[in-house]
Amino acid sequence: MRADAGPGEAAVFPFSAILGQEEMKLGLLLNAIDPGIGGMLALGDRGTAKSTTVRALGQMLRLAGLEMPVVTLPLGASDDRVLGSLDLEAALVHGEKRFAPGLLAEAHGGFLYIDEVNLLDDYLVDLLLDVAASGVNHVERDGLSVTHAAHFVLVGSGNPEEGELRPQLEDRFGLAVHVRTIRDADTRREIVRRRLAFGDDPAGFCAAWHAQDAALAARICAARDRLPGVELGPEVIDRIVSLVIEAGTTGHRGEIVVARAARAHAALAGRTSVGPGDIGAVAVMALRHRCARAPFDDEEAIAARIAAAVERAGCTG
Amino acid sequence: MTLAVEDAAAPFAAFLLDPRIGILLTGDRSQAEEASRALARQLPPDAVRRFGPADDLWPGPPDDAVVLLSPLVFDDPARVARGRRAWGIAAVAPSPGHAPSAIAERCALAVAFDPTPGPAALESPAPWERAAAAAAAAAARAAPAAAPDLEARTAVEAAVRFGLESHELEYRAALAARAAMRLGLEPMPFLERWVFAPRARQAPPAPPPPAEAESAGEDPGRPSNDGAADGATSVEPPGAWPGDPPVTAALRGRVRRPLPGRRGPRGPHPARGAPGRTFPWRHGERADVPATVAYALPRAALRGWRPGNVLRLMPGDLRARRRHSKTGSLLIIVVDASGSMAQGAIRQAKGLALRVLDRAYVDRTSVAIVAARGREAYLALAPTRAIARARGALRELPSGGGTPLASAYAAALRLARRYEPAAVRALVLSDGRANVPLTPGGDPQDEASRMLAVLSRAAQVEVVDRRALSRKR
């Protein structure tokens with residue numbers, strides 16, 4: 001679903017009006033609550049509201065006064081545009097070597113969204129992941145030497161049929177969700193109906209959903225405030241470790257991401273301590289791209305394996 | 001004036017009434033392009049933008065424009081991603097299957113032009129002129145009460161019936177249903193005729209479900225010249241332009257075409273890829289503006305320029321930047337050198353591989369060799385462009401032992417995954433008699449055919465067996 005605005009308008013489809021794709025929405029909300037989760041990768045069928053959902057998120061958060069800009073990185077954007085480059089106007093008019101910030105600076109404090117991340121030039125993806133992990137952008141080019149803070153949540157989406165993402169990159173996104181075309185005809189009809197309504201009267205449609213978006217935004221704000229106080233007891237950490245071992249993931253990033261995501265999940269639910277249910281709710285999206293893959297595994301098989309590991313680790317809540 | 005559903009002017013009228021519906025003009029290229037130009041003339045001139053392979057990607061056409069999309073952008077993922085954001089799209093393509101799905105599902109209407117020029121081409125007034133009149137008349141009438149439930153129901157029902165479920169296409173089809181009603185047409189027959197039937201022809205009506213087709217895999221002993229083991233069938237769509245590659249029509253009516261993002265050998269590239277060093281601009285290069293200005297400032301100051309004055313660039317100030325694209329194309333040769341291959345067959349396989357290597361040399365393709373012999377396949381040659389080394393490695397390849405085919409395909413898969421599927425060819429020279437399992441206790445044949453199915457999603461696989469080898473010599 002793409003937000004269609006009429007000529008001259010740039011309305012964004014309301015977040016609450018997006019039907020289905022619950023896993024993707026939850027993953028984004030958790031990242032909004034705790035940007036330290038490390039971003040999200042959304043792979044799956046095209047036309048499943050991936051871009052719309054990310055754009056809608058920024059608008060929704062603004063309703064609660066949370067300024068988390070959502071900056072879209074277009075395919076084919078030059079590295080000058082992404083990293084920042086020499087400010088040509090200042091150079092030509094004033095003779096000053098000044099830095100013109102790029103998309104990374106714009107996304108500071110918010111989300112950097114890459115649609116079709118699997119088609120982006122490899123060197124750019126490497127660079128983005130580096131900056132996202134370190135929170136610092138160094139530019140050494142055109143006679144400039146600039147360092148600026150760039151804390152952002154990297155969100156990538158793509159359709160794996162059109163090009164696979166290198167496995168070593170997948171692991172560096174905090175969460176990974178799998179989006180599918182919805183098969184249920186009633187839901188599909190409702191999706192079309194809402195898009196028609198939005199296309200006919202974007203302002204009216206957004207107004208009708210305003211209250212729901214505002215309520216969700218307020219929940220996110222409250223969860224962000226609650227987050228530092230959410231307790232992660234030693235027995236909960238033990239459970240996380242045993243879950244990660246049961247799931248057979250590679251590397252240690254798994255434990256950290258599960259812990260952070262579970263904490264954000266508890267904060268979102270209004271709790272002050274992490275319970276087994278919080279771990280179970282985030283396990284699949286935190287671990288699916290870190291599981292050792294047998295040669296013939298598909299997405300469903302991996303999700304089922306993690307669900308079984310959740311069961312064994314007693315995290316069903 | 002009123003139109004009938006069958007009238008060639010009906011889809012044009014619907015598009016002019018609401019360009020968001022999108023239109024694909026297929027079949028005879030000259031007529032399709034003529035129609036595209038004619039539709040553009042009927043829309044307000046400032047609302048229409050052309051978008052072709054040489055147009056600037058950034059910022060590209062405005063989001064509220066109706067974009068006339070050139071088929072030459074279909075191979076460029078960045079331009080497809082940019083073009084699909086348009087408010088309305090009119091695209092020319094040999095068939096709906098030739099357009100990338102991102103574009104095809106945003107162009108609900110599909111009009112095919114018959115390549116044999118008949119009276120229709122000479123019709124006067126032309127269909128689009130009648131369409132413009134009909135659209136204007138419909139727009140002048142009071143808009144009927146919106147019926148989003150009916151529009152949504154019609155679109156989804158038709159999509160399900162044709163097995164063409166796609167949220168995007170259904171939305172555009174619902175807009176088409178609305179436009180049809182404003183033109184006084186029955187929405188369902190209109191959608192069938194102009195949205196779904198032209199696409200459904202691309203795929204068989206009752207395709208096997210993908211899971212079965214995949215697990216069935218391919219018999220590795222059977223010669224095959226296409227790697228379409230993921231259940232896809234290779235279909236030459238009617239009206240393909242000469243020289244076009246055949247389209248892979250996938251299941252459930254979804255015409256799928258992997259975007260060949262990084263196909264072919266690519267060394268330095270003028271505009272894309274990782275930036276490298278800058279160098280003095282030469283005629284024909286693309287100047288790098290920030291590098292040029294950074295370089296020019298101190299030199300201009302030496303020439304007496306002061307800030308606040310216009311900076312005058314001299315030809316010697318201009319800089320260009322070298323860029324590199326990392327991935328080229330890869331040819332993986334899987335050679336079965338096991339004891340089960342007779343001496344003659346191995347010689348033939350090596351001979352064929354050497355001929356393929358000569359071709360790879362011409363194409364500047366990287367080559368890797370996987371040897372299937374013994375208990376586990378091994379990489380006899382890591383990817384390289386040094387074809388001479390490949391020839392040497394191939395000649396010196398020892399033979400004898402078991403046939404670990406699944407292991408060989410797994411090794412090939414590891415290599416193939418570093419590249420775009422369209423950029424990898426895997427040539428399998430084997431008699432297909434796998435006898436060493438990949439996993440303890442596994443069935444060697446079954447594992448080999450399943451692994452081959454996985455490999456054929458990551459590469460274009462060609463399997464050449466012994467019988468085919470004997471025929472070639």
# chains A, B, ... in the order shown; residues from 1 in each chain; ligands from 1
>>> residues_around(residues="segment 401-404 of chain B", least_positions_apart="2", cutoff="8 Å", atoms="only C-alpha atoms", output="list in words")
Asp336, Ala337, Ser338, Gly339, Ser340, Ala372, Arg373, Gly374, Arg375, Glu376, Ala377, Ser399, Ala406, Ser407, Ala408, Arg433, Ala434, Asn435, Val436, Pro437, Leu438 and Pro444 of chain B
>>> interface_residues(of="chain B", to="chain A", cutoff="8 Å", atoms="only C-alpha atoms", output="ChimeraX atom specification")
/B:57-58,63-65,77-78,81-82,87,102,148-149,151-153,156-157,160,165-168,170-171,174-175,257-259,261,272-275,290-291,293-295,297,306-311,325-326,410,417-418,420-421,450-451,454
>>> atom_distance(atom1="atom CA of Val131 of chain A", atom2="atom CA of Glu89 of chain A")
26.5 Å
>>> residues_around(residues="Thr316 of chain A", least_positions_apart="5", cutoff="7 Å", atoms="only C-alpha atoms", output="tab-separated table (two decimals) with all heavy atoms, in the first residue's frame")
chain	number	residue	atom	x	y	z
A	276	PRO	N	8.61	-13.70	30.86
A	276	PRO	CA	8.88	-14.67	29.79
A	276	PRO	C	8.09	-14.37	28.51
A	276	PRO	O	8.58	-14.59	27.41
A	276	PRO	CB	8.46	-16.01	30.40
A	276	PRO	CG	8.27	-15.78	31.84
A	276	PRO	CD	8.10	-14.32	32.08
A	277	GLY	N	6.86	-13.86	28.68
A	277	GLY	CA	6.03	-13.57	27.50
A	277	GLY	C	6.67	-12.51	26.61
A	277	GLY	O	6.54	-12.56	25.38
A	280	GLY	N	9.21	-14.27	24.50
A	280	GLY	CA	8.58	-15.06	23.45
A	280	GLY	C	8.07	-14.19	22.32
A	280	GLY	O	8.15	-14.57	21.15
A	310	VAL	N	11.46	-21.38	21.89
A	310	VAL	CA	10.77	-20.53	22.87
A	310	VAL	C	10.03	-21.41	23.86
A	310	VAL	O	10.09	-21.20	25.07
A	310	VAL	CB	9.80	-19.57	22.14
A	310	VAL	CG1	8.84	-18.94	23.12
A	310	VAL	CG2	10.57	-18.50	21.40
A	311	GLU	N	9.37	-22.42	23.32
A	311	GLU	CA	8.61	-23.36	24.15
A	311	GLU	C	9.53	-24.05	25.15
A	311	GLU	O	9.28	-24.11	26.34
A	311	GLU	CB	7.96	-24.38	23.22
A	311	GLU	CG	6.89	-25.21	23.87
A	311	GLU	CD	5.51	-24.71	23.46
A	311	GLU	OE1	5.40	-23.72	22.70
A	311	GLU	OE2	4.55	-25.30	23.90
>>> atom_distance(atom1="atom CA of Ile306 of chain A", atom2="atom CA of Gly38 of chain A")
20.2 Å
>>> residues_around(residues="Ile103 of chain B", least_positions_apart="3", cutoff="12 Å", atoms="only C-alpha atoms", output="PyMOL selection string")
(chain A and resi 46-47) or (chain B and resi 21-24+67-71+73-75+77+79-86+88-93+96-100+106-110+168-169+172+255-257+259)
>>> residues_around(residues="Leu43 of chain A", least_positions_apart="4", cutoff="8 Å", atoms="only C-alpha atoms", output="PyMOL selection string")
chain A and resi 157-160+176-179
>>> write_last_selection(atoms="N, CA, C and O atoms", output="compact mmCIF listing (two decimals), in the first residue's frame")
# COMPACT_ATOMS: atom_id res chain seq x y z
N SER A 157 14.21 -2.60 3.58
CA SER A 157 13.18 -3.52 3.12
C SER A 157 13.55 -3.98 1.73
O SER A 157 14.36 -3.36 1.05
N GLY A 158 12.99 -5.07 1.33
CA GLY A 158 13.30 -5.56 -0.01
C GLY A 158 12.58 -6.84 -0.30
O GLY A 158 11.96 -7.45 0.57
N ASN A 159 12.64 -7.22 -1.56
CA ASN A 159 12.01 -8.44 -2.02
C ASN A 159 13.11 -9.40 -2.41
O ASN A 159 13.82 -9.17 -3.39
N PRO A 160 13.31 -10.48 -1.63
CA PRO A 160 14.47 -11.34 -1.87
C PRO A 160 14.47 -11.99 -3.25
O PRO A 160 15.51 -12.42 -3.73
N ALA A 176 14.55 -8.79 12.27
CA ALA A 176 14.22 -9.12 10.89
C ALA A 176 12.79 -9.62 10.86
O ALA A 176 12.42 -10.50 11.63
N VAL A 177 11.97 -9.04 10.00
CA VAL A 177 10.60 -9.52 9.88
C VAL A 177 10.35 -9.98 8.45
O VAL A 177 11.06 -9.59 7.52
N HIS A 178 9.36 -10.83 8.34
CA HIS A 178 9.04 -11.39 7.04
C HIS A 178 7.63 -10.93 6.69
O HIS A 178 6.70 -11.16 7.47
N VAL A 179 7.46 -10.25 5.59
CA VAL A 179 6.13 -9.74 5.23
C VAL A 179 5.58 -10.50 4.03
O VAL A 179 6.30 -10.76 3.07
>>> residues_around(residues="segment 389-398 of chain B", least_positions_apart="4", cutoff="9 Å", atoms="only C-alpha atoms", output="list in words")
Val335, Ala337, Ser338, Lys350, Ala353, Leu354, Leu357, Val367, Ala368, Ile369, Ala371, Arg373, Ala380, Leu381, Thr384 and Arg385 of chain B
>>> atom_distance(atom1="atom CA of Ala134 of chain B", atom2="atom CA of Leu39 of chain B")
13.4 Å
>>> residues_around(residues="Ala286 of chain A", least_positions_apart="4", cutoff="12 Å", atoms="only C-alpha atoms", output="PyMOL selection string")
chain A and resi 23-24+26-27+30-31+37-41+170-178+240+243-244+247+249+252-262+278-282+290-291+303+306-307
